[in-house]
$ cat query_12.pdb   # PDB, C-alpha atoms
ATOM      1  CA  MET A 203      -0.038   1.066  24.435  1.00  0.00           C
ATOM      2  CA  SER A 204      -2.382  -1.647  23.245  1.00  0.00           C
ATOM      3  CA  GLU A 205      -1.084  -4.968  21.985  1.00  0.00           C
ATOM      4  CA  SER A 206      -2.450  -4.290  18.480  1.00  0.00           C
ATOM      5  CA  ALA A 207      -0.759  -0.860  18.348  1.00  0.00           C
ATOM      6  CA  SER A 208       2.525  -2.442  19.376  1.00  0.00           C
ATOM      7  CA  ALA A 209       2.120  -5.150  16.747  1.00  0.00           C
ATOM      8  CA  LEU A 210       1.349  -2.485  14.124  1.00  0.00           C
ATOM      9  CA  LEU A 211       4.575  -0.619  14.961  1.00  0.00           C
ATOM     10  CA  VAL A 212       6.602  -3.835  14.911  1.00  0.00           C
ATOM     11  CA  LEU A 213       5.090  -4.781  11.532  1.00  0.00           C
ATOM     12  CA  LEU A 214       5.825  -1.317  10.145  1.00  0.00           C
ATOM     13  CA  CYS A 215       9.455  -1.538  11.297  1.00  0.00           C
ATOM     14  CA  LEU A 216       9.820  -5.049   9.869  1.00  0.00           C
ATOM     15  CA  LEU A 217       8.459  -3.919   6.485  1.00  0.00           C
ATOM     16  CA  GLN A 218      10.797  -0.902   6.491  1.00  0.00           C
ATOM     17  CA  ALA A 219      13.832  -3.058   7.303  1.00  0.00           C
ATOM     18  CA  LYS A 220      12.761  -5.568   4.644  1.00  0.00           C
ATOM     19  CA  HIS A 221      12.463  -2.795   2.098  1.00  0.00           C
ATOM     20  CA  MET A 222      15.917  -1.436   2.881  1.00  0.00           C
ATOM     21  CA  PHE A 223      17.554  -4.841   2.534  1.00  0.00           C
ATOM     22  CA  ALA A 224      15.591  -5.888  -0.567  1.00  0.00           C
ATOM     23  CA  ASP A 225      16.106  -2.600  -2.421  1.00  0.00           C
ATOM     24  CA  TYR A 226      19.620  -1.677  -1.335  1.00  0.00           C
ATOM     25  CA  PHE A 227      21.535  -4.720  -0.086  1.00  0.00           C
ATOM     26  CA  LEU A 228      20.118  -7.738  -1.903  1.00  0.00           C
ATOM     27  CA  GLN A 229      19.815  -6.480  -5.478  1.00  0.00           C
ATOM     28  CA  THR A 230      22.128  -8.151  -7.940  1.00  0.00           C
ATOM     29  CA  ARG A 231      23.295  -7.025 -11.370  1.00  0.00           C
ATOM     30  CA  ILE A 232      20.648  -9.227 -13.052  1.00  0.00           C
ATOM     31  CA  MET A 233      17.964  -7.432 -11.027  1.00  0.00           C
ATOM     32  CA  LEU A 234      19.245  -4.002 -12.015  1.00  0.00           C
ATOM     33  CA  ASP A 235      20.115  -4.362 -15.716  1.00  0.00           C
ATOM     34  CA  GLY A 236      17.434  -4.065 -18.400  1.00  0.00           C
ATOM     35  CA  ARG A 237      14.675  -2.955 -16.066  1.00  0.00           C
ATOM     36  CA  GLU A 238      12.860  -1.142 -18.886  1.00  0.00           C
ATOM     37  CA  THR A 239      12.000  -4.548 -20.419  1.00  0.00           C
ATOM     38  CA  TYR A 240       8.588  -5.751 -19.259  1.00  0.00           C
ATOM     39  CA  VAL A 241       9.364  -9.466 -19.084  1.00  0.00           C
ATOM     40  CA  HIS A 242      12.517  -9.269 -17.014  1.00  0.00           C
ATOM     41  CA  PHE A 243      13.778 -12.220 -14.954  1.00  0.00           C
ATOM     42  CA  GLY A 244      15.724  -9.974 -12.596  1.00  0.00           C
ATOM     43  CA  ARG A 245      12.640  -7.924 -11.741  1.00  0.00           C
ATOM     44  CA  PHE A 246      10.700 -11.173 -11.144  1.00  0.00           C
ATOM     45  CA  LEU A 247      13.431 -12.129  -8.655  1.00  0.00           C
ATOM     46  CA  HIS A 248      13.593  -8.681  -7.060  1.00  0.00           C
ATOM     47  CA  ALA A 249       9.834  -8.542  -6.500  1.00  0.00           C
ATOM     48  CA  GLY A 250      10.092 -12.082  -5.125  1.00  0.00           C
ATOM     49  CA  VAL A 251      12.691 -10.983  -2.566  1.00  0.00           C
ATOM     50  CA  HIS A 252      10.254  -8.280  -1.448  1.00  0.00           C
ATOM     51  CA  ALA A 253       7.378 -10.771  -1.226  1.00  0.00           C
ATOM     52  CA  ALA A 254       9.503 -13.240   0.762  1.00  0.00           C
ATOM     53  CA  GLY A 255      10.528 -10.487   3.167  1.00  0.00           C
ATOM     54  CA  SER A 256       6.928  -9.434   3.660  1.00  0.00           C
ATOM     55  CA  LEU A 257       5.944 -13.044   4.271  1.00  0.00           C
ATOM     56  CA  LEU A 258       8.548 -13.180   7.035  1.00  0.00           C
ATOM     57  CA  ALA A 259       7.441  -9.820   8.497  1.00  0.00           C
ATOM     58  CA  PHE A 260       3.780 -10.838   8.672  1.00  0.00           C
ATOM     59  CA  ALA A 261       4.646 -14.306  10.026  1.00  0.00           C
ATOM     60  CA  LEU A 262       6.752 -12.738  12.791  1.00  0.00           C
ATOM     61  CA  VAL A 263       3.721 -10.836  14.073  1.00  0.00           C
ATOM     62  CA  GLY A 264       1.624 -14.019  14.038  1.00  0.00           C
ATOM     63  CA  THR A 265      -0.453 -13.397  10.928  1.00  0.00           C
ATOM     64  CA  PRO A 266      -2.190 -16.472   9.477  1.00  0.00           C
ATOM     65  CA  PHE A 267      -0.963 -17.691   6.089  1.00  0.00           C
ATOM     66  CA  ALA A 268      -4.519 -17.395   4.750  1.00  0.00           C
ATOM     67  CA  PHE A 269      -3.963 -13.621   4.913  1.00  0.00           C
ATOM     68  CA  ILE A 270      -0.252 -13.573   4.049  1.00  0.00           C
ATOM     69  CA  ILE A 271      -0.289 -15.494   0.776  1.00  0.00           C
ATOM     70  CA  PRO A 272      -2.764 -13.328  -1.186  1.00  0.00           C
ATOM     71  CA  VAL A 273      -1.245 -10.132   0.211  1.00  0.00           C
ATOM     72  CA  ILE A 274       2.309 -11.013  -0.804  1.00  0.00           C
ATOM     73  CA  LEU A 275       1.183 -12.147  -4.269  1.00  0.00           C
ATOM     74  CA  ILE A 276      -0.488  -8.776  -4.768  1.00  0.00           C
ATOM     75  CA  GLU A 277       2.585  -7.009  -3.365  1.00  0.00           C
ATOM     76  CA  TRP A 278       4.775  -8.962  -5.793  1.00  0.00           C
ATOM     77  CA  ALA A 279       2.689  -7.818  -8.774  1.00  0.00           C
ATOM     78  CA  VAL A 280       2.491  -4.201  -7.586  1.00  0.00           C
ATOM     79  CA  HIS A 281       6.229  -4.032  -6.853  1.00  0.00           C
ATOM     80  CA  PHE A 282       7.042  -5.572 -10.233  1.00  0.00           C
ATOM     81  CA  HIS A 283       4.980  -2.937 -12.063  1.00  0.00           C
ATOM     82  CA  ILE A 284       6.173   0.054 -10.044  1.00  0.00           C
ATOM     83  CA  ASP A 285       9.780  -0.902 -10.790  1.00  0.00           C
ATOM     84  CA  TRP A 286       9.020  -1.553 -14.455  1.00  0.00           C
ATOM     85  CA  LEU A 287       7.406   1.860 -14.847  1.00  0.00           C
ATOM     86  CA  LYS A 288      10.400   3.568 -13.246  1.00  0.00           C
ATOM     87  CA  GLY A 289      12.828   1.525 -15.352  1.00  0.00           C
ATOM     88  CA  ARG A 290      10.921   2.259 -18.534  1.00  0.00           C
ATOM     89  CA  TYR A 291      10.660   5.973 -17.762  1.00  0.00           C
ATOM     90  CA  THR A 292      14.328   6.425 -16.845  1.00  0.00           C
ATOM     91  CA  ALA A 293      15.461   4.401 -19.886  1.00  0.00           C
ATOM     92  CA  THR A 294      13.232   6.172 -22.419  1.00  0.00           C
ATOM     93  CA  GLN A 295      14.249   9.550 -21.015  1.00  0.00           C
ATOM     94  CA  LYS A 296      17.905   8.403 -20.925  1.00  0.00           C
ATOM     95  CA  LEU A 297      18.167   9.495 -17.305  1.00  0.00           C
ATOM     96  CA  THR A 298      21.210   8.834 -15.162  1.00  0.00           C
ATOM     97  CA  PRO A 299      21.961   9.601 -11.505  1.00  0.00           C
ATOM     98  CA  ALA A 300      23.431  12.892 -12.738  1.00  0.00           C
ATOM     99  CA  ASP A 301      19.918  14.036 -13.762  1.00  0.00           C
ATOM    100  CA  ALA A 302      17.463  15.593 -11.305  1.00  0.00           C
ATOM    101  CA  ALA A 303      14.602  13.803 -13.094  1.00  0.00           C
ATOM    102  CA  PHE A 304      16.248  10.461 -12.291  1.00  0.00           C
ATOM    103  CA  TRP A 305      16.000  11.253  -8.582  1.00  0.00           C
ATOM    104  CA  ARG A 306      12.419  12.469  -8.909  1.00  0.00           C
ATOM    105  CA  ALA A 307      11.566   9.140 -10.568  1.00  0.00           C
ATOM    106  CA  ALA A 308      13.387   7.294  -7.778  1.00  0.00           C
ATOM    107  CA  GLY A 309      11.465   9.316  -5.188  1.00  0.00           C
ATOM    108  CA  VAL A 310       8.100   8.551  -6.789  1.00  0.00           C
ATOM    109  CA  ASP A 311       9.101   4.879  -6.989  1.00  0.00           C
ATOM    110  CA  GLN A 312       9.967   4.773  -3.278  1.00  0.00           C
ATOM    111  CA  ALA A 313       6.830   6.715  -2.292  1.00  0.00           C
ATOM    112  CA  LEU A 314       4.644   4.234  -4.204  1.00  0.00           C
ATOM    113  CA  HIS A 315       6.348   1.325  -2.449  1.00  0.00           C
ATOM    114  CA  GLN A 316       5.760   2.981   0.925  1.00  0.00           C
ATOM    115  CA  LEU A 317       2.093   3.548   0.064  1.00  0.00           C
ATOM    116  CA  THR A 318       1.906  -0.160  -0.785  1.00  0.00           C
ATOM    117  CA  TYR A 319       2.981  -0.887   2.800  1.00  0.00           C
ATOM    118  CA  VAL A 320       0.312   1.489   4.113  1.00  0.00           C
ATOM    119  CA  VAL A 321      -2.323  -0.470   2.174  1.00  0.00           C
ATOM    120  CA  MET A 322      -0.875  -3.808   3.346  1.00  0.00           C
ATOM    121  CA  ILE A 323      -0.947  -2.684   6.982  1.00  0.00           C
ATOM    122  CA  TRP A 324      -4.476  -1.300   6.552  1.00  0.00           C
ATOM    123  CA  ALA A 325      -5.591  -4.700   5.177  1.00  0.00           C
ATOM    124  CA  TRP A 326      -3.842  -6.422   8.093  1.00  0.00           C
ATOM    125  CA  LEU A 327      -5.659  -4.178  10.599  1.00  0.00           C
ATOM    126  CA  VAL A 328      -9.013  -4.899   8.949  1.00  0.00           C
ATOM    127  CA  TYR A 329      -8.233  -8.632   8.962  1.00  0.00           C
ATOM    128  CA  GLN A 330      -7.221  -8.514  12.635  1.00  0.00           C
ATOM    129  CA  THR A 331     -10.486  -6.856  13.675  1.00  0.00           C
ATOM    130  CA  ASN A 332     -12.775  -9.276  11.766  1.00  0.00           C
TER     131      ASN A 332
END
$ encode --input "query_12.pdb" --output "structure tokens"
Amino acid sequence: MSESASALLVLLCLLQAKHMFADYFLQTRIMLDGRETYVHFGRFLHAGVHAAGSLLAFALVGTPFAFIIPVILIEWAVHFHIDWLKGRYTATQKLTPADAAFWRAAGVDQALHQLTYVVMIWAWLVYQTN
């Protein structure tokens, strides 16, 4: 396997581990409550945890900060808005974990985050080859 393919797989695994910890282990009550509100300090923090984790993941595979900084700022904004849309939708529909639509919304939310990582890795591959 080529060195770049190995690095790609390592980066993918690092982003997956980061996502698991940021979304499931490191969220606090302030990050979870009131997510339907657009200006929400907890969501700012939560998206920041994701950006910090991605910074670490990219740094661990030797990516220059000239690439990392703009990518994580974009990730922060995208993550913030994906979570806000899910929070707004589940709140306006009064959905709870007992509702199937809640889990569909959660699934779409997670799929959009995973697609964000696909785009980030694509950008990293393009950057690496130029």
$ residues_around --input "query_12.pdb" --residues "Leu327 (chain A)" --least-positions-apart "4" --cutoff "10 Å" --atoms "only C-alpha atoms" --output "VMD selection string"
chain A and resid 206 to 207 209 to 210 321 to 323 331 to 332
$ closest_residue --input "query_12.pdb" --among "A:Glu205, A:Leu257, A:Gln312, A:Leu287" --to "Asp225 (chain A)" --atoms "all atoms listed in the file"
A:Gln312
$ resolve_selection --input "query_12.pdb" --expression "the PyMOL selection byres ((chain A and resi 242) around 12)" --output "ChimeraX atom specification"
/A:232-241,243-249,282-283,285-286,289-290
$ closest_residue --input "query_12.pdb" --among "A:Thr298, A:Thr230, A:Ser256, A:Thr265" --to "Gln218 (chain A)" --atoms "only C-alpha atoms"
A:Ser256
$ atom_distance --input "query_12.pdb" --atom1 "CA of Cys215 (chain A)" --atom2 "CA of Val328 (chain A)"
18.9 Å
$ axis_aligned_box --input "query_12.pdb" --around "region 299-312 of chain A" --padding-each-side "3 Å" --output "JSON"
{"center_x": 15.8, "center_y": 10.2, "center_z": -8.5, "size_x": 21.3, "size_y": 16.8, "size_z": 16.5}
$ atom_distance --input "query_12.pdb" --atom1 "CA of His315 (chain A)" --atom2 "CA of Ala224 (chain A)"
11.9 Å
$ closest_residue --input "query_12.pdb" --among "A:Ala268, A:Leu214, A:Ala219, A:Leu314" --to "His281 (chain A)" --atoms "all atoms listed in the file"
A:Leu314
$ atom_distance --input "query_12.pdb" --atom1 "CA of His252 (chain A)" --atom2 "CA of His221 (chain A)"
6.9 Å
$ closest_residue --input "query_12.pdb" --among "A:Lys220, A:Leu228, A:Leu317, A:Phe304" --to "Ala254 (chain A)" --atoms "only C-alpha atoms"
A:Lys220
$ closest_residue --input "query_12.pdb" --among "A:Ala253, A:Val212, A:Trp305, A:Trp326" --to "Val280 (chain A)" --atoms "all atoms listed in the file"
A:Ala253
$ resolve_selection --input "query_12.pdb" --expression "the PyMOL selection byres ((chain A and resi 269) around 10)" --output "PyMOL selection string"
chain A and resi 257+260+265-268+270-274+325-326+329-330
